[in-house]
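Engineer: Here you go, this is coords.cif (mmCIF, C-alpha atoms).
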```
data_input
loop_
_atom_site.label_atom_id
_atom_site.label_comp_id
_atom_site.auth_asym_id
_atom_site.auth_seq_id
_atom_site.Cartn_x
_atom_site.Cartn_y
_atom_site.Cartn_z
CA MET A 15 -14.37 20.59 8.84
CA ALA A 16 -11.40 19.01 10.58
CA GLN A 17 -13.60 18.62 13.65
CA GLN A 18 -16.45 17.08 11.63
CA ILE A 19 -14.33 14.45 9.86
CA VAL A 20 -12.26 12.20 12.11
CA LEU A 21 -10.75 10.07 9.34
CA GLY A 22 -7.07 9.54 10.11
CA GLN A 23 -7.20 11.42 13.40
CA TYR A 24 -5.79 9.97 16.62
CA VAL A 25 -7.68 10.63 19.84
CA PRO A 26 -5.40 10.46 22.92
CA GLY A 27 -6.62 8.36 25.81
CA SER A 28 -5.78 5.75 28.44
CA SER A 29 -8.45 3.17 27.63
CA PRO A 30 -7.74 -0.58 27.43
CA LEU A 31 -7.67 -0.31 23.62
CA HIS A 32 -5.15 2.54 23.74
CA LYS A 33 -2.86 0.40 25.90
CA LEU A 34 -2.90 -2.61 23.57
CA ASP A 35 0.11 -3.36 21.41
CA PRO A 36 -0.49 -1.81 17.95
CA ARG A 37 0.39 -5.11 16.28
CA THR A 38 -2.44 -6.79 18.18
CA LYS A 39 -4.89 -4.14 17.02
CA LEU A 40 -3.65 -4.29 13.42
CA ILE A 41 -3.99 -8.08 13.25
CA THR A 42 -7.43 -7.85 14.89
CA ALA A 43 -8.51 -5.26 12.29
CA ILE A 44 -7.44 -7.61 9.48
CA VAL A 45 -9.31 -10.52 11.09
CA MET A 46 -12.40 -8.33 11.50
CA MET A 47 -12.30 -7.30 7.84
CA ILE A 48 -12.15 -10.95 6.79
CA LEU A 49 -14.99 -11.94 9.12
CA ILE A 50 -17.25 -9.04 8.11
CA LEU A 51 -16.69 -9.48 4.38
CA SER A 52 -17.30 -13.25 4.56
CA SER A 53 -20.35 -13.21 6.87
CA TYR A 54 -23.90 -13.24 5.50
CA LYS A 55 -25.89 -14.98 8.25
CA VAL A 56 -27.85 -12.93 10.74
CA THR A 57 -26.34 -14.75 13.72
CA SER A 58 -22.79 -14.09 12.51
CA LEU A 59 -23.51 -10.41 11.92
CA ALA A 60 -25.13 -10.17 15.37
CA VAL A 61 -21.94 -11.51 16.98
CA LEU A 62 -19.83 -9.04 15.00
CA GLY A 63 -22.15 -6.21 15.99
CA VAL A 64 -21.78 -7.11 19.68
CA PHE A 65 -18.00 -7.25 19.21
CA VAL A 66 -17.93 -3.77 17.64
CA LEU A 67 -20.06 -2.42 20.52
CA THR A 68 -17.53 -3.99 22.89
CA LEU A 69 -14.72 -2.21 21.06
CA ILE A 70 -16.60 1.09 21.43
CA TRP A 71 -16.97 0.45 25.15
CA LEU A 72 -13.29 -0.50 25.57
CA SER A 73 -12.11 2.56 23.65
CA LYS A 74 -13.79 4.94 26.13
CA LEU A 75 -14.41 7.36 23.25
CA LYS A 76 -17.51 9.46 22.81
CA PHE A 77 -20.15 7.65 20.78
CA SER A 78 -20.82 10.80 18.75
CA LEU A 79 -17.14 10.95 17.79
CA ILE A 80 -17.15 7.34 16.62
CA ILE A 81 -20.36 7.82 14.61
CA ARG A 82 -18.71 10.71 12.74
CA THR A 83 -16.33 8.21 11.15
CA ILE A 84 -19.27 7.09 8.98
CA ARG A 85 -19.80 10.54 7.43
CA PRO A 86 -17.12 10.21 4.71
CA ILE A 87 -18.83 7.06 3.36
CA LEU A 88 -22.44 8.18 3.83
CA ILE A 89 -23.01 8.54 0.08
CA LEU A 90 -21.52 5.06 -0.47
CA LEU A 91 -23.85 3.60 2.18
CA ILE A 92 -26.91 5.21 0.56
CA PHE A 93 -25.86 3.98 -2.88
CA ALA A 94 -25.19 0.43 -1.62
CA PHE A 95 -28.55 0.32 0.17
CA PHE A 96 -30.66 1.41 -2.81
CA PHE A 97 -28.60 -0.62 -5.28
CA ASN A 98 -29.39 -3.81 -3.35
CA LEU A 99 -32.93 -2.74 -2.42
CA PHE A 100 -34.24 -3.15 -5.95
CA SER A 101 -32.57 -6.52 -6.52
CA GLY A 102 -33.82 -9.99 -5.72
CA SER A 103 -36.53 -12.27 -7.06
CA GLY A 104 -38.60 -13.19 -4.00
CA GLU A 105 -41.85 -11.95 -2.50
CA VAL A 106 -42.93 -8.51 -3.71
CA LEU A 107 -43.46 -6.00 -0.88
CA PHE A 108 -44.05 -2.84 -2.89
CA SER A 109 -44.49 -2.13 -6.57
CA VAL A 110 -45.24 1.13 -8.37
CA SER A 111 -44.61 1.51 -12.09
CA PHE A 112 -41.05 0.28 -12.74
CA ILE A 113 -40.10 0.36 -9.02
CA THR A 114 -40.35 -3.02 -7.29
CA ILE A 115 -39.14 -3.80 -3.79
CA ARG A 116 -38.84 -7.46 -2.84
CA LEU A 117 -38.32 -9.05 0.57
CA ASP A 118 -34.94 -10.62 -0.18
CA GLY A 119 -33.74 -7.35 -1.73
CA LEU A 120 -34.73 -5.41 1.39
CA ILE A 121 -32.97 -7.90 3.67
CA ASN A 122 -29.87 -7.90 1.49
CA ALA A 123 -29.79 -4.08 1.46
CA PHE A 124 -29.83 -3.94 5.26
CA ILE A 125 -27.15 -6.65 5.52
CA ILE A 126 -24.78 -4.97 3.04
CA THR A 127 -25.20 -1.56 4.72
CA PHE A 128 -24.69 -3.07 8.17
CA ARG A 129 -21.52 -4.84 7.04
CA LEU A 130 -20.06 -1.63 5.60
CA ILE A 131 -20.83 0.28 8.81
CA MET A 132 -19.25 -2.44 10.96
CA LEU A 133 -16.21 -2.51 8.70
CA VAL A 134 -15.60 1.24 9.02
CA LEU A 135 -16.27 1.36 12.76
CA ALA A 136 -14.05 -1.61 13.60
CA THR A 137 -11.06 -0.45 11.55
CA SER A 138 -11.39 3.15 12.74
CA ILE A 139 -11.54 2.22 16.43
CA LEU A 140 -8.72 -0.32 16.26
CA ILE A 141 -6.33 1.61 14.03
CA THR A 142 -6.70 5.36 13.59
CA LEU A 143 -8.67 6.51 16.67
CA THR A 144 -6.66 4.62 19.31
CA THR A 145 -3.24 4.31 17.66
CA THR A 146 -0.82 7.05 16.63
CA PRO A 147 0.37 7.12 12.99
CA THR A 148 3.93 6.46 14.17
CA LEU A 149 2.94 3.28 16.00
CA ILE A 150 0.85 2.16 13.03
CA ALA A 151 3.88 2.51 10.76
CA ASP A 152 6.13 0.73 13.27
CA SER A 153 3.68 -2.16 13.66
CA ILE A 154 3.33 -2.56 9.88
CA GLU A 155 7.10 -2.57 9.54
CA ARG A 156 7.51 -5.16 12.30
CA LEU A 157 4.80 -7.44 10.89
CA LEU A 158 6.22 -7.23 7.35
CA SER A 159 9.86 -7.53 8.45
CA PRO A 160 10.19 -11.15 7.16
CA LEU A 161 9.73 -9.78 3.62
CA LYS A 162 13.08 -8.01 3.92
CA ILE A 163 14.64 -11.32 2.95
CA VAL A 164 13.32 -10.84 -0.60
CA ARG A 165 14.41 -7.15 -0.58
CA PHE A 166 10.85 -5.83 -0.19
CA PRO A 167 10.96 -2.13 0.85
CA VAL A 168 9.15 -2.68 4.15
CA HIS A 169 10.36 0.47 5.88
CA GLU A 170 9.58 2.70 2.90
CA ILE A 171 6.03 1.32 2.59
CA ALA A 172 5.40 1.80 6.31
CA MET A 173 6.80 5.33 6.17
CA MET A 174 4.55 6.29 3.26
CA MET A 175 1.47 4.99 5.06
CA SER A 176 2.45 6.87 8.22
CA ILE A 177 2.92 10.13 6.33
CA ALA A 178 -0.38 9.67 4.47
CA LEU A 179 -2.29 9.13 7.74
CA ARG A 180 -0.52 12.05 9.38
CA PHE A 181 -1.37 14.50 6.60
CA VAL A 182 -5.10 13.71 6.35
CA PRO A 183 -6.09 16.05 9.23
CA THR A 184 -3.46 18.57 8.09
CA LEU A 185 -4.96 18.79 4.62
CA LEU A 186 -8.46 19.06 6.11
CA ASP A 187 -7.31 22.07 8.14
CA GLU A 188 -5.71 23.55 5.04
CA MET A 189 -8.91 23.07 3.04
CA GLN A 190 -10.92 24.80 5.76
CA LYS A 191 -8.57 27.81 5.64
CA ILE A 192 -8.77 27.96 1.84
CA MET A 193 -12.59 27.79 1.91
CA LYS A 194 -12.75 30.68 4.39
CA ALA A 195 -10.26 32.71 2.35
CA GLN A 196 -12.15 32.13 -0.91
CA SER A 197 -15.50 32.93 0.73
CA SER A 198 -14.11 36.23 2.00
CA ARG A 199 -13.15 37.01 -1.62
CA GLY A 200 -16.70 36.35 -2.84
CA ALA A 201 -16.23 32.83 -4.19
CA ASP A 202 -19.47 30.90 -4.62
CA TYR A 203 -19.11 27.11 -4.45
CA ASP A 204 -22.13 25.95 -2.43
CA THR A 205 -25.10 27.39 -4.36
CA GLY A 206 -26.57 26.94 -7.80
CA SER A 207 -26.62 23.86 -10.01
CA ALA A 208 -24.31 20.87 -9.58
CA LEU A 209 -22.17 22.01 -12.53
CA ARG A 210 -21.81 25.50 -11.05
CA ARG A 211 -20.84 24.10 -7.65
CA ALA A 212 -18.29 21.80 -9.31
CA ARG A 213 -16.73 24.77 -11.10
CA GLY A 214 -16.69 26.71 -7.85
CA PHE A 215 -14.76 23.94 -6.10
CA VAL A 216 -11.93 24.42 -8.59
CA SER A 217 -11.01 27.56 -6.64
CA ILE A 218 -10.52 25.30 -3.60
CA LEU A 219 -8.95 22.21 -5.16
CA VAL A 220 -6.20 24.04 -7.10
CA PRO A 221 -4.73 25.86 -4.06
CA LEU A 222 -5.16 22.68 -2.00
CA PHE A 223 -3.11 20.63 -4.49
CA VAL A 224 -0.47 23.36 -4.65
CA SER A 225 -0.29 23.41 -0.85
CA ALA A 226 -0.05 19.60 -0.70
CA PHE A 227 2.84 19.50 -3.18
CA ARG A 228 4.57 22.34 -1.31
CA ARG A 229 4.23 20.49 1.99
CA ALA A 230 5.56 17.30 0.39
CA ASP A 231 8.58 19.17 -0.96
CA ASP A 232 9.22 20.80 2.43
CA LEU A 233 8.97 17.40 4.13
CA ALA A 234 11.44 15.83 1.70
CA THR A 235 13.87 18.73 2.23
CA ALA A 236 13.55 18.43 6.01
CA MET A 237 14.20 14.67 5.90
CA GLU A 238 17.26 15.11 3.69
CA SER A 239 18.65 17.92 5.90
CA ARG A 240 18.40 15.56 8.88
CA CYS A 241 20.33 12.87 6.95
CA TYR A 242 17.41 10.49 6.69
CA ARG A 243 18.61 7.32 4.94
CA GLY A 244 15.83 4.81 5.52
CA GLY A 245 15.32 2.36 8.35
CA LYS A 246 18.87 1.01 8.65
CA GLY A 247 20.16 1.70 12.16
CA ARG A 248 17.01 3.58 13.11
CA THR A 249 15.91 3.52 16.76
CA ARG A 250 12.39 3.93 18.11
CA LEU A 251 11.11 6.16 20.88
CA LYS A 252 8.49 3.63 22.01
CA ILE A 253 9.35 -0.06 22.20
CA MET A 254 6.41 -2.32 21.38
CA GLU A 255 5.91 -5.41 23.52
CA PHE A 256 3.06 -7.82 24.16
CA SER A 257 1.45 -7.86 27.59
CA TYR A 258 -1.25 -9.80 29.41
CA ARG A 259 -3.82 -7.36 27.93
CA ASP A 260 -2.87 -8.46 24.42
CA LEU A 261 -3.17 -12.13 25.40
CA ILE A 262 -6.64 -11.67 26.91
CA PHE A 263 -7.82 -9.58 23.96
CA SER A 264 -6.41 -12.10 21.44
CA LEU A 265 -8.26 -14.94 23.19
CA PHE A 266 -11.45 -12.87 23.06
CA VAL A 267 -10.98 -12.31 19.31
CA ILE A 268 -10.48 -16.06 18.81
CA VAL A 269 -13.71 -16.78 20.68
CA VAL A 270 -15.60 -14.23 18.56
CA SER A 271 -14.12 -15.62 15.33
CA THR A 272 -15.11 -19.14 16.32
CA ALA A 273 -18.64 -18.03 17.23
CA VAL A 274 -19.06 -16.29 13.86
CA TYR A 275 -18.54 -19.59 12.03
CA ILE A 276 -20.07 -21.99 14.58
CA LEU A 277 -23.38 -20.22 15.33
CA PRO A 278 -24.73 -20.45 11.74
CA LEU A 279 -24.22 -24.23 11.97
CA VAL A 280 -26.01 -24.42 15.30
CA PHE A 281 -28.87 -22.18 14.09
CA PRO A 282 -29.10 -22.96 10.35
CA ALA A 283 -32.65 -21.62 10.05
CA ASP A 284 -31.51 -17.97 9.64
#
```
What's the structure tokens form of this structure?
Structural biologist:
Amino acid sequence: MAQQIVLGQYVPGSSPLHKLDPRTKLITAIVMMILILSSYKVTSLAVLGVFVLTLIWLSKLKFSLIIRTIRPILILLIFAFFFNLFSGSGEVLFSVSFITIRLDGLINAFIITFRLIMLVLATSILITLTTTPTLIADSIERLLSPLKIVRFPVHEIAMMMSIALRFVPTLLDEMQKIMKAQSSRGADYDTGSALRRARGFVSILVPLFVSAFRRADDLATAMESRCYRGGKGRTRLKIMEFSYRDLIFSLFVIVVSTAVYILPLVFPAD
């Protein structure tokens, strides 16, 4: 299961995206989220789609690996598609009994699903797949450092996010071990009705929660034994610095952002 779900997993590499400063990638991910969530025109979404394909090419990662990032939200995508499919008030394309599919509802369903897919792919490629959890935490801490003036716990927030990202693949591995152990004991959690399967998963969730709390307690003990006292006086193994790659990539992001808002004005017919 850990190999099937890549959420929160870092894939080592030497691609141009791997070499970018993590702050550049984090800011780009935020800009992409804003652009995707605020874009409805076909031309804007086409530009964003080309940009995401460019990110896939720059990451040098296997396409099958990147596609697997969509699996955790597959149910959400299906729900969003059918929820918007039966909406709208335009031309009727198909109607049987109480089921009516209209043209604007079909278009809206495809647009919403496409936006969700682009959102997941862009954030996964820029943040988790090409950036280590440690660098993600360091970049968040550096970007939020001005908030220290108002005594905002910047370092603690960044540390919690880093630990959460780090333990996602660990918990997936633990769940896989528990599932194998319970199956060897005759546990049945993948057959029968939905209620029976839900009851069967209790034999997996309870040990998983116990293991998660035990790991959290062990981590807290380890941090205290090493005299961890927050970010004051803390040094970093890798020093982050902007390079010419970050400048070129930032200019490219600015061009894409401008095109997303300018093209619908140039081609208002879509």
Engineer: Suppose you want the space between atom CA of Ile89 of chain A and atom CA of Thr144 of chain A; what is it in Å?
Structural biologist: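 Interatomic distance here is 25.5 Å.
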Engineer: Could you list, as a compact mmCIF listing (two decimals) with C-alpha atoms, keeping the file's coordinate frame, every residue within 10 Å of Ala226 of chain A, counting only C-alpha atoms and ignoring same-chain residues fewer than 5 positions away?
Structural biologist:
```txt
# COMPACT_ATOMS: atom_id res chain seq x y z
CA PHE A 181 -1.37 14.50 6.60
CA THR A 184 -3.46 18.57 8.09
CA LEU A 185 -4.96 18.79 4.62
CA GLU A 188 -5.71 23.55 5.04
CA VAL A 220 -6.20 24.04 -7.10
CA PRO A 221 -4.73 25.86 -4.06
CA ASP A 231 8.58 19.17 -0.96
CA ASP A 232 9.22 20.80 2.43
```
Engineer: What gap, in Å, lies between atom CA of Ser153 of chain A and atom CA of Leu40 of chain A?
Structural biologist: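 Separation between atom CA of Ser153 of chain A and atom CA of Leu40 of chain A: 7.6 Å.
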Engineer: Taking only C-alpha atoms into account, name the residue in A:Ser217, A:Ile276, A:Met132, A:Phe93 that is nearest to Val64 of chain A.
Structural biologist: A:Met132
Engineer: Would you give me, as CSV, each residue of segment 102-212 of chain A having an atom within 12 Å of an atom of segment 66-81 of chain A, along with its shortest atom pair and that distance in Å to one decimal, using all atoms listed in the file and sorting by chain and residue number?
Structural biologist:
```
residue,atom,partner,partner_atom,distance
A:Phe128,CA,A:Val66,CA,11.7
A:Arg129,CA,A:Val66,CA,11.2
A:Ile131,CA,A:Ile81,CA,9.5
A:Met132,CA,A:Val66,CA,6.9
A:Leu133,CA,A:Val66,CA,9.2
A:Val134,CA,A:Ile81,CA,9.9
A:Leu135,CA,A:Ile80,CA,7.2
A:Ala136,CA,A:Val66,CA,6.0
A:Thr137,CA,A:Val66,CA,9.8
A:Ser138,CA,A:Ile80,CA,8.1
A:Ile139,CA,A:Leu69,CA,7.2
A:Leu140,CA,A:Leu69,CA,7.9
A:Ile141,CA,A:Ser73,CA,11.3
A:Thr142,CA,A:Ile80,CA,11.1
A:Leu143,CA,A:Ile80,CA,8.5
A:Thr144,CA,A:Ser73,CA,7.3
A:Thr145,CA,A:Ser73,CA,10.8
```
Engineer: Could you tell me which of A:Leu51, A:Val56, A:Leu130, A:Ala178 comes closest to Thr83 of chain A if we count all atoms listed in the file?
Structural biologist: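 Selected residue with least distance to Thr83 of chain A: A:Leu130.
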Engineer: When the PyMOL selection byres ((chain A and resi 98-102) around 10) is applied to the structure above, which residues does it catch, written out as a list in words?
Structural biologist: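 This file, filtered by the PyMOL selection byres ((chain A and resi 98-102) around 10), leaves Phe93, Ala94, Phe95, Phe96, Phe97, Ser103, Gly104, Glu105, Val106, Ile113, Thr114, Ile115, Arg116, Leu117, Asp118, Gly119, Leu120, Ile121, Asn122, Ala123, Phe124, Ile125, Ile126 and Thr127 of chain A.
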Engineer: Expanded to explicit residues, what is the PyMOL selection byres ((chain A and resi 45) around 12) for this file, as a PyMOL selection string?
Structural biologist: chain A and resi 38-44+46-52+62+133+136-137+140+264+267-268+270-272+274
Engineer: For the selection you just gave me, I'd like the residues written to a file as an mmCIF file, in the frame of the given file, keeping C-alpha atoms.
Structural biologist:
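Wrote it out as part-v2.cif, contents follow:
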```
data_model
loop_
_atom_site.group_PDB
_atom_site.id
_atom_site.type_symbol
_atom_site.label_atom_id
_atom_site.label_comp_id
_atom_site.auth_asym_id
_atom_site.auth_seq_id
_atom_site.Cartn_x
_atom_site.Cartn_y
_atom_site.Cartn_z
ATOM 1 C CA THR A 38 -2.440 -6.790 18.180
ATOM 2 C CA LYS A 39 -4.890 -4.140 17.020
ATOM 3 C CA LEU A 40 -3.650 -4.290 13.420
ATOM 4 C CA ILE A 41 -3.990 -8.080 13.250
ATOM 5 C CA THR A 42 -7.430 -7.850 14.890
ATOM 6 C CA ALA A 43 -8.510 -5.260 12.290
ATOM 7 C CA ILE A 44 -7.440 -7.610 9.480
ATOM 8 C CA MET A 46 -12.400 -8.330 11.500
ATOM 9 C CA MET A 47 -12.300 -7.300 7.840
ATOM 10 C CA ILE A 48 -12.150 -10.950 6.790
ATOM 11 C CA LEU A 49 -14.990 -11.940 9.120
ATOM 12 C CA ILE A 50 -17.250 -9.040 8.110
ATOM 13 C CA LEU A 51 -16.690 -9.480 4.380
ATOM 14 C CA SER A 52 -17.300 -13.250 4.560
ATOM 15 C CA LEU A 62 -19.830 -9.040 15.000
ATOM 16 C CA LEU A 133 -16.210 -2.510 8.700
ATOM 17 C CA ALA A 136 -14.050 -1.610 13.600
ATOM 18 C CA THR A 137 -11.060 -0.450 11.550
ATOM 19 C CA LEU A 140 -8.720 -0.320 16.260
ATOM 20 C CA SER A 264 -6.410 -12.100 21.440
ATOM 21 C CA VAL A 267 -10.980 -12.310 19.310
ATOM 22 C CA ILE A 268 -10.480 -16.060 18.810
ATOM 23 C CA VAL A 270 -15.600 -14.230 18.560
ATOM 24 C CA SER A 271 -14.120 -15.620 15.330
ATOM 25 C CA THR A 272 -15.110 -19.140 16.320
ATOM 26 C CA VAL A 274 -19.060 -16.290 13.860
#
```
Engineer: Rounded to one decimal, what separation in Å do you get between atom CA of Ile154 of chain A and atom CA of Leu179 of chain A?
Structural biologist: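 We find that atom CA of Ile154 of chain A and atom CA of Leu179 of chain A lie 13.1 Å from each other.
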Engineer: Go through A:Pro147, A:Ile87, A:Val224, A:Phe266 one by one, measure the shortest atom-to-atom distance of each to Pro183 of chain A using only C-alpha atoms, and give the residue with the smallest value.
Structural biologist: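 Using only C-alpha atoms, Pro183 of chain A sits closest to A:Pro147.
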Engineer: Starting from the PyMOL selection byres ((chain A and resi 259) around 12), expand the selection into actual residues of this file and give them as a PyMOL selection string.
Structural biologist: chain A and resi 29-36+38-39+72+255-258+260-266
Engineer: When distances are computed from all atoms listed in the file, which of A:Arg213, A:Lys252, A:Arg37, A:Lys55 shows the smallest separation from Ala273 of chain A?
Structural biologist: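 That would be A:Lys55, the residue with the smallest distance to Ala273 of chain A.
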Engineer: Which residue is closest to Ser225 of chain A? Choose from A:Lys191, A:Arg156, A:Arg82, A:Arg243 and count only C-alpha atoms.
Structural biologist: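 Going through A:Lys191, A:Arg156, A:Arg82, A:Arg243 one by one, the smallest distance to Ser225 of chain A is for A:Lys191.
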Engineer: Have a look at A:Val61, A:Leu222, A:Val216, A:Ile150 and name the one nearest to Asp187 of chain A; count all atoms listed in the file.
Structural biologist: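 Closest to Asp187 of chain A of all the choices is A:Leu222.
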